[in-house]
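*Asks:* Have a look at the structure that comes next, please.
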Amino acid sequence: MFVDVAEEAGLSDVFYCGRDDRKDYILEAIGPGVALLDYDRDGFLDAFFVSGTTLEGFPPSEAPSNHLYRNNGDGTFTNATETTGVGRTGWGHGACVGDIDNDGFDDLFVTYFGQNALYRNTGLGSFTDITTEADVGRAAKWSVGCAFLDYDLDGHLDLFVANYVAFEIDRVPRRGVSPTCQWMGQAVACGPRGLPGETDQLFRNLGGGRFEDVSEKAGIASVGDRYSLSVTPLDYNLDGWPDIYVAVDSQASILLENRRNGTFEEMALFAGVALDENGDVQAGMGSAAADLDGDGRLDIIKTNFIQEASNVYISSASSTFEDRVHTLGAGVSARYMGWGVGALDYDLDSWPDIIVANGHTYPEIEGLVPDNPYRQQRLLYRNVAGRRLEPVNPPADSAILAAHSSRGLAVGDYDNDGDPDVFVNNMNERPSLLRNDSPAAGSFLTLRLVGTQSNRSAIGARVSVRAGDRVLVQEVRSGSSFLSSHDLRLHFGLGGSTKADVVTIDWPLESSTDTISDVASGQFLDITEGSGITARSQPSHAKRGPD
């Protein structure tokens with residue numbers, strides 16, 4: 001059902017991260033992400049791709065930069081990087097989206113090896129770099145994943161930043177010189193094992209465009225140095241306060257439980273999401289949260305290094321998790337190196353499916369180590385009624401089978417036809433735009449939530465949709481996947497139902513709930529806190545994009 005239409009759609013620029021034949025340093029291997037946002041509020045998703053660079057560098061006029069593509073509403077994009085002011089060069093990695101000043105226009109945070117960048121959306125079709133005045137770029141670290149969330153429920157979005165390695169290129173050993181610089185008998189880039197880790201950061205939004213680093217007082221720094229990568233906020237214990245899951249490379253992963261008093265407590269080992277089903281440490285890369293088994297609780301998916309199966313942590317009523325990747329049928333993931341991951345109901349049957357972007361870290365081992373190609377196909381798992389994640393075997397010409405060394409992945413309905421599409425940032429080549437041509441058009445609901453007392457982006461809102469005998473649960477989330485950020489709109493496949501019997505929105509603000517009954521399927525709805533449905537539109541079937 002997926003066709004790669006990136007080139008025809010105008011997404012033809014190349015985004016870099018080191019050389020493509022050999023990686024001398026781990027800095028060259030992590031790669032870039034992608035973030036989706038409707039920056040100009042025209043109702044169509046725009047796409048922001050992050051770019052790194054190479055150690056050799058480029059002539060100033062040819063240096064690769066981040067790109068923002070404006071969606072033209074006809075299935076094509078226009079490069080709006082220069083006019084929007086977000087085309088910074090350097091070692092870019094991740095991006096996340098959220099309205100930090102509650103003005104109705106989503107802002108953008110970009111992580112770097114070096115100083116991060118916070119861009120405020122002017123609402124006039126451009127962005128302003130407010131990193132310095134916002135005080136979120138003082139400490140130059142190697143930052144990777146990020147997410148906006150309102151951790152103290154004051155109506156203002158705060159910022160969590162995952163930091164990877166304390167990396168100084170002149171102090172890092174050359175490839176192959178020690179056991180931590182070898183893999184499967186081959187000389188490879190050193191790390192992360194053997195290199196110093198970093199502490200993650202939490203910035204509290206003070207209003208007025210300023211933030212305060214509360215990493216120490218909130219208990220984030222007390223977790224200690226880790227090789228953190230992706231960030232997925234979720235309310236894992238259903239207490240109404242956002243918690244934070246961090247996928248960690250080569251160490252135990254992190255679950256920060258919100259203590260509802262401005263602090264967090266690390267609970268990953270106790271909750272069962274720190275290690276794999278055998279109690280072993282893995283090299284965690286990407287992460288996602290979705291209610292895979294339909295019990296109303298969010299489960300956690302984590303992608304890992306090759307020869308390590310992904311984790312599918314299924315939540316229980318006691319707010320603990322069990323890794324069921326093998327019993328659910330997703331053990332095939334061990335044959336691939338997973339990065340970006342997203343939950344999407346691609347066939348609109350009401351059960352969230354999973355898509356994973358893959359690609360090896362070390363291009364130089366291809367041909368030297370069997371079954372370890374640098375470029376790898378994507379993996380798509382069909383959720384069979386919550387009982388099994390069935391690897392999809394698509395036709396030979398499917399974009400799912402195309403081999404790339406991919407990193408960031410973000411899900412969103414760019415053509416507004418009612419089914420979710422997938423954007424992928426590939427290493428040192430043009431990105432992929434996997435257009436979903438699902439035949440089940442119409443059996444869906446897409447909701448854009450607008451906070452009033454809660455943060456304007458409604459990040460952290462929990463939505464339950466009852467359609468027939470199914471209750472579907474999602475949360476509005478910034479960040480997640482791998483160094484990426486999905487569409488903030490929530491997409492629900494409704495299976496065979498022609499309507500949602502009840503839609504319930506629990507807003508981030510405590511005791512704020514909206515309930516809407518008898519909502520016909522096949523609609524895009526804006527729902528405003530306290531006001532119910534404030535706008536509606538039909539899918540754009542005439543705008544399927546180029547073939």
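Labeling convention for the structure tokens: chains A, B, ... as they appear, residues from 1 per chain, ligands from 1 in order of appearance.
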Residues of region 24-52 of chain A within 10 Å of region 67-79 of chain A: nearest atom pair and distance (Å, one decimal) for each, counting only C-alpha atoms, sorted by chain and number, as a tab-separated table?
*Replies:*
residue	atom	partner	partner_atom	distance
A:Val34	CA	A:His67	CA	9.7
A:Ala35	CA	A:Leu68	CA	9.4
A:Leu36	CA	A:Leu68	CA	9.6
A:Leu37	CA	A:Arg70	CA	9.7
A:Asp38	CA	A:Asn71	CA	8.5
A:Tyr39	CA	A:Arg70	CA	8.3
A:Asp40	CA	A:Arg70	CA	8.4
A:Asp42	CA	A:Gly73	CA	8.6
A:Gly43	CA	A:Gly73	CA	8.4
A:Phe44	CA	A:Asn71	CA	6.0
A:Leu45	CA	A:Asn71	CA	6.1
A:Asp46	CA	A:Arg70	CA	4.9
A:Ala47	CA	A:Tyr69	CA	5.3
A:Phe48	CA	A:Leu68	CA	4.4
A:Phe49	CA	A:His67	CA	5.3
A:Val50	CA	A:His67	CA	6.7
A:Ser51	CA	A:His67	CA	7.8
*Asks:* Based on DSSP run over this structure's backbone, return all residues of region 307-482 of chain A in strand (DSSP E), as a ChimeraX atom specification.
*Replies:* /A:311-315,321-323,338-344,353-358,379-384,388-391,406-412,421-426,432-436,444-450,462-467,470-475
*Asks:* Quick check for you: according to DSSP on this backbone, which residues of region 212-339 of chain A are classed as helix (DSSP H, G or I)? Reply as number ranges by chain.
*Replies:* A: 221-223, 268-271, 331-335
*Asks:* Got time to write the residues from that selection, C-alpha atoms, as a CSV table (one decimal), in the first residue's frame?
*Replies:*
chain,number,residue,atom,x,y,z
A,221,ALA,CA,20.5,14.7,36.6
A,222,SER,CA,20.4,12.2,39.5
A,223,VAL,CA,19.9,9.4,37.0
A,268,ALA,CA,12.5,1.7,34.4
A,269,LEU,CA,13.9,-1.4,36.2
A,270,PHE,CA,10.9,-1.7,38.5
A,271,ALA,CA,8.4,-1.2,35.7
A,331,GLY,CA,11.3,-11.4,16.7
A,332,VAL,CA,12.3,-11.0,13.0
A,333,SER,CA,13.5,-7.5,14.1
A,334,ALA,CA,16.7,-9.1,15.4
A,335,ARG,CA,17.9,-9.4,11.8
*Asks:* Measuring between only C-alpha atoms, which one of A:Asp299, A:Asp417, A:Asp293, A:Glu212 shows the shortest distance to Gly386 (chain A)?
*Replies:* A:Asp293
*Asks:* Which residues are near Gln186 (chain A)? Cut-off 12 Å, only C-alpha atoms, ignore same chain within fewer than 6 positions. Put them as a list in words.
*Replies:*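 Neighbouring residues, sequence-local ones excluded: Arg175, Gly176, Val177, Ser178, Pro179, Thr180, Tyr362, Pro363, Glu364, Ile365, Glu366, Gly367, Leu368 and Val369 of chain A.
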*Asks:* Using the selection just defined, write its residues with all heavy atoms as an mmCIF file, in the first residue's frame.
*Replies:*
data_model
loop_
_atom_site.group_PDB
_atom_site.id
_atom_site.type_symbol
_atom_site.label_atom_id
_atom_site.label_comp_id
_atom_site.auth_asym_id
_atom_site.auth_seq_id
_atom_site.Cartn_x
_atom_site.Cartn_y
_atom_site.Cartn_z
ATOM 1 N N ARG A 175 39.361 4.113 15.205
ATOM 2 C CA ARG A 175 38.655 2.855 15.021
ATOM 3 C C ARG A 175 39.592 1.657 15.150
ATOM 4 O O ARG A 175 40.716 1.664 14.671
ATOM 5 C CB ARG A 175 37.934 2.850 13.674
ATOM 6 C CG ARG A 175 38.834 3.069 12.493
ATOM 7 C CD ARG A 175 38.080 3.564 11.257
ATOM 8 N NE ARG A 175 37.100 2.624 10.781
ATOM 9 C CZ ARG A 175 37.356 1.682 9.873
ATOM 10 N NH1 ARG A 175 38.584 1.523 9.402
ATOM 11 N NH2 ARG A 175 36.400 0.893 9.460
ATOM 12 N N GLY A 176 39.103 0.619 15.859
ATOM 13 C CA GLY A 176 39.807 -0.653 15.925
ATOM 14 C C GLY A 176 40.882 -0.780 16.979
ATOM 15 O O GLY A 176 41.459 -1.859 17.129
ATOM 16 N N VAL A 177 41.165 0.267 17.764
ATOM 17 C CA VAL A 177 42.328 0.208 18.653
ATOM 18 C C VAL A 177 42.062 -0.502 19.978
ATOM 19 O O VAL A 177 43.002 -0.793 20.720
ATOM 20 C CB VAL A 177 42.880 1.630 18.938
ATOM 21 C CG1 VAL A 177 43.249 2.320 17.641
ATOM 22 C CG2 VAL A 177 41.859 2.464 19.719
ATOM 23 N N SER A 178 40.789 -0.768 20.308
ATOM 24 C CA SER A 178 40.465 -1.421 21.572
ATOM 25 C C SER A 178 39.212 -2.268 21.367
ATOM 26 O O SER A 178 38.537 -2.165 20.334
ATOM 27 C CB SER A 178 40.233 -0.384 22.669
ATOM 28 O OG SER A 178 39.015 0.302 22.452
ATOM 29 N N PRO A 179 38.869 -3.122 22.360
ATOM 30 C CA PRO A 179 37.663 -3.948 22.205
ATOM 31 C C PRO A 179 36.391 -3.144 21.986
ATOM 32 O O PRO A 179 35.459 -3.633 21.335
ATOM 33 C CB PRO A 179 37.626 -4.729 23.532
ATOM 34 C CG PRO A 179 39.044 -4.809 23.963
ATOM 35 C CD PRO A 179 39.656 -3.514 23.546
ATOM 36 N N THR A 180 36.296 -1.918 22.530
ATOM 37 C CA THR A 180 35.104 -1.095 22.317
ATOM 38 C C THR A 180 35.139 -0.386 20.969
ATOM 39 O O THR A 180 34.240 0.391 20.661
ATOM 40 C CB THR A 180 34.950 -0.065 23.449
ATOM 41 O OG1 THR A 180 36.133 0.748 23.514
ATOM 42 C CG2 THR A 180 34.728 -0.759 24.781
ATOM 43 N N TYR A 362 27.636 0.608 10.498
ATOM 44 C CA TYR A 362 28.985 0.536 9.941
ATOM 45 C C TYR A 362 28.956 0.118 8.470
ATOM 46 O O TYR A 362 28.816 -1.059 8.151
ATOM 47 C CB TYR A 362 29.829 -0.485 10.711
ATOM 48 C CG TYR A 362 29.726 -0.402 12.208
ATOM 49 C CD1 TYR A 362 29.315 -1.512 12.948
ATOM 50 C CD2 TYR A 362 30.045 0.771 12.890
ATOM 51 C CE1 TYR A 362 29.236 -1.458 14.326
ATOM 52 C CE2 TYR A 362 29.957 0.836 14.273
ATOM 53 C CZ TYR A 362 29.546 -0.287 14.990
ATOM 54 O OH TYR A 362 29.459 -0.231 16.353
ATOM 55 N N PRO A 363 29.093 1.038 7.531
ATOM 56 C CA PRO A 363 29.065 0.650 6.115
ATOM 57 C C PRO A 363 30.230 -0.248 5.732
ATOM 58 O O PRO A 363 30.109 -1.072 4.819
ATOM 59 C CB PRO A 363 29.128 1.991 5.376
ATOM 60 C CG PRO A 363 29.695 2.956 6.360
ATOM 61 C CD PRO A 363 29.253 2.491 7.699
ATOM 62 N N GLU A 364 31.356 -0.123 6.438
ATOM 63 C CA GLU A 364 32.553 -0.856 6.031
ATOM 64 C C GLU A 364 32.497 -2.352 6.325
ATOM 65 O O GLU A 364 33.331 -3.119 5.808
ATOM 66 C CB GLU A 364 33.803 -0.260 6.696
ATOM 67 C CG GLU A 364 33.800 -0.286 8.216
ATOM 68 C CD GLU A 364 33.207 0.968 8.834
ATOM 69 O OE1 GLU A 364 32.356 1.611 8.189
ATOM 70 O OE2 GLU A 364 33.591 1.294 9.970
ATOM 71 N N ILE A 365 31.519 -2.805 7.137
ATOM 72 C CA ILE A 365 31.459 -4.234 7.440
ATOM 73 C C ILE A 365 30.645 -5.006 6.400
ATOM 74 O O ILE A 365 30.614 -6.232 6.426
ATOM 75 C CB ILE A 365 30.921 -4.490 8.865
ATOM 76 C CG1 ILE A 365 29.513 -3.929 9.047
ATOM 77 C CG2 ILE A 365 31.868 -3.904 9.900
ATOM 78 C CD1 ILE A 365 28.410 -4.842 8.722
ATOM 79 N N GLU A 366 29.976 -4.288 5.497
ATOM 80 C CA GLU A 366 29.184 -4.988 4.478
ATOM 81 C C GLU A 366 30.097 -5.869 3.625
ATOM 82 O O GLU A 366 31.124 -5.421 3.118
ATOM 83 C CB GLU A 366 28.441 -3.990 3.591
ATOM 84 C CG GLU A 366 27.492 -4.658 2.621
ATOM 85 C CD GLU A 366 26.492 -3.678 2.021
ATOM 86 O OE1 GLU A 366 26.886 -2.521 1.795
ATOM 87 O OE2 GLU A 366 25.348 -4.067 1.788
ATOM 88 N N GLY A 367 29.744 -7.131 3.516
ATOM 89 C CA GLY A 367 30.566 -8.074 2.783
ATOM 90 C C GLY A 367 31.595 -8.773 3.634
ATOM 91 O O GLY A 367 32.106 -9.832 3.260
ATOM 92 N N LEU A 368 31.914 -8.180 4.796
ATOM 93 C CA LEU A 368 32.878 -8.809 5.703
ATOM 94 C C LEU A 368 32.188 -9.641 6.774
ATOM 95 O O LEU A 368 32.733 -10.646 7.242
ATOM 96 C CB LEU A 368 33.755 -7.743 6.370
ATOM 97 C CG LEU A 368 34.597 -6.881 5.423
ATOM 98 C CD1 LEU A 368 35.351 -5.811 6.206
ATOM 99 C CD2 LEU A 368 35.578 -7.748 4.626
ATOM 100 N N VAL A 369 31.010 -9.199 7.179
ATOM 101 C CA VAL A 369 30.219 -9.929 8.169
ATOM 102 C C VAL A 369 28.917 -10.355 7.489
ATOM 103 O O VAL A 369 28.156 -9.504 7.024
ATOM 104 C CB VAL A 369 29.919 -9.060 9.408
ATOM 105 C CG1 VAL A 369 29.076 -9.845 10.413
ATOM 106 C CG2 VAL A 369 31.215 -8.583 10.052
#
*Asks:* With only C-alpha atoms as the counted atoms, please give the residues lying no more than 6 Å from Trp507 (chain A), apart from itself and same-chain residues fewer than 5 positions off, as a ChimeraX atom specification.
*Replies:* /A:461,512-513
*Asks:* Just write the chosen residues, N, CA and C atoms, as a JSON list (two decimals), in the first residue's frame.
*Replies:*
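What follows is the written file selection-v5.json:
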[["chain", "number", "residue", "atom", "x", "y", "z"],
["A", 461, "ALA", "N", -2.63, 15.62, 26.02],
["A", 461, "ALA", "CA", -4.05, 15.29, 26.07],
["A", 461, "ALA", "C", -4.24, 13.81, 25.73],
["A", 512, "SER", "N", -10.23, 18.81, 33.29],
["A", 512, "SER", "CA", -10.75, 19.41, 32.05],
["A", 512, "SER", "C", -11.03, 18.29, 31.06],
["A", 513, "THR", "N", -12.31, 18.08, 30.74],
["A", 513, "THR", "CA", -12.73, 17.00, 29.85],
["A", 513, "THR", "C", -13.81, 17.49, 28.91]]
*Asks:* Return the single residue from A:Ser464, A:Gln523, A:Ser143, A:Asn205 that is closest to Val502 (chain A), with distances computed using only C-alpha atoms.
*Replies:* A:Ser464
*Asks:* Could you check the closest approach to His404 (chain A) for each of A:Thr53, A:Asn436, A:Ser126, A:Asn358 and tell me which residue wins, using only C-alpha atoms?
*Replies:*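 Comparing A:Thr53, A:Asn436, A:Ser126, A:Asn358 against His404 (chain A), the winner is A:Asn358.
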*Asks:* Which residue is closest to Gly123 (chain A)? Choose from A:Glu390, A:Asp21, A:Asp99, A:Asp501 and count only C-alpha atoms.
*Replies:*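 Comparing A:Glu390, A:Asp21, A:Asp99, A:Asp501 against Gly123 (chain A), the winner is A:Asp99.
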*Asks:* Find the residues near region 150-161 of chain A: any atom within 8 Å, counting only C-alpha atoms, skip ones fewer than 6 places away on the same chain, and give them as a PyMOL selection string.
*Replies:* chain A and resi 98-102+143-144+200-207+211+231+241-243+258+260-262+453-456+459-460+508-510
*Asks:* Env of region 132-138 of chain A: 6 Å cut, atoms = only C-alpha atoms, seq-sep filter 4 positions within chain, self excluded. Answer as an NGL selection string.
*Replies:* :A and (115-116 or 209-211)
*Asks:* Using only all heavy atoms, please write the residues we just selected to a file, as an mmCIF file, in the first residue's frame.
*Replies:*
data_model
loop_
_atom_site.group_PDB
_atom_site.id
_atom_site.type_symbol
_atom_site.label_atom_id
_atom_site.label_comp_id
_atom_site.auth_asym_id
_atom_site.auth_seq_id
_atom_site.Cartn_x
_atom_site.Cartn_y
_atom_site.Cartn_z
ATOM 1 N N GLN A 115 25.742 23.562 19.978
ATOM 2 C CA GLN A 115 24.639 24.318 20.571
ATOM 3 C C GLN A 115 23.331 24.015 19.857
ATOM 4 O O GLN A 115 23.236 24.095 18.637
ATOM 5 C CB GLN A 115 24.921 25.821 20.507
ATOM 6 C CG GLN A 115 23.885 26.631 21.294
ATOM 7 C CD GLN A 115 24.104 28.126 21.157
ATOM 8 O OE1 GLN A 115 23.848 28.706 20.107
ATOM 9 N NE2 GLN A 115 24.599 28.741 22.226
ATOM 10 N N ASN A 116 22.308 23.702 20.645
ATOM 11 C CA ASN A 116 20.978 23.451 20.102
ATOM 12 C C ASN A 116 20.342 24.758 19.642
ATOM 13 O O ASN A 116 20.866 25.847 19.905
ATOM 14 C CB ASN A 116 20.108 22.765 21.149
ATOM 15 C CG ASN A 116 20.688 21.432 21.583
ATOM 16 O OD1 ASN A 116 21.258 20.710 20.774
ATOM 17 N ND2 ASN A 116 20.560 21.103 22.866
ATOM 18 N N GLY A 209 8.900 33.471 26.708
ATOM 19 C CA GLY A 209 9.982 33.021 25.856
ATOM 20 C C GLY A 209 11.243 32.636 26.590
ATOM 21 O O GLY A 209 12.307 32.504 25.971
ATOM 22 N N ARG A 210 11.170 32.421 27.912
ATOM 23 C CA ARG A 210 12.357 32.052 28.681
ATOM 24 C C ARG A 210 12.151 30.706 29.372
ATOM 25 O O ARG A 210 11.023 30.352 29.764
ATOM 26 C CB ARG A 210 12.690 33.115 29.730
ATOM 27 C CG ARG A 210 13.219 34.408 29.123
ATOM 28 C CD ARG A 210 13.740 35.353 30.208
ATOM 29 N NE ARG A 210 14.770 34.736 31.034
ATOM 30 C CZ ARG A 210 16.051 34.620 30.677
ATOM 31 N NH1 ARG A 210 16.455 35.056 29.489
ATOM 32 N NH2 ARG A 210 16.936 34.079 31.490
ATOM 33 N N PHE A 211 13.258 29.973 29.524
ATOM 34 C CA PHE A 211 13.258 28.670 30.162
ATOM 35 C C PHE A 211 14.296 28.641 31.281
ATOM 36 O O PHE A 211 15.272 29.395 31.266
ATOM 37 C CB PHE A 211 13.583 27.573 29.146
ATOM 38 C CG PHE A 211 12.493 27.304 28.145
ATOM 39 C CD1 PHE A 211 12.276 28.162 27.079
ATOM 40 C CD2 PHE A 211 11.673 26.188 28.272
ATOM 41 C CE1 PHE A 211 11.272 27.917 26.146
ATOM 42 C CE2 PHE A 211 10.669 25.934 27.349
ATOM 43 C CZ PHE A 211 10.464 26.800 26.287
#
*Asks:* What is the distance between CA of Thr122 (chain A) and CA of Pro64 (chain A), in Å to one decimal?
*Replies:*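 Going from CA of Thr122 (chain A) over to CA of Pro64 (chain A), I get 24.5 Å.
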*Asks:* I'd like the interatomic distance between CA of Tyr245 (chain A) and CA of Arg388 (chain A), to a tenth of an Å.
*Replies:*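 Here the two named atoms are 23.7 Å from each other.
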*Asks:* Have a look at A:Ala402, A:Pro431, A:Leu494, A:Phe482 and name the one nearest to Val14 (chain A); count only C-alpha atoms.
*Replies:*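 Closest to Val14 (chain A) of all the choices is A:Pro431.
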*Asks:* Could you jot down the CA of Lys23 (chain A) to CA of Ala247 (chain A) separation for me, Å, one decimal place?
*Replies:*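 CA of Ala247 (chain A) lies at a distance of 22.7 Å from CA of Lys23 (chain A).
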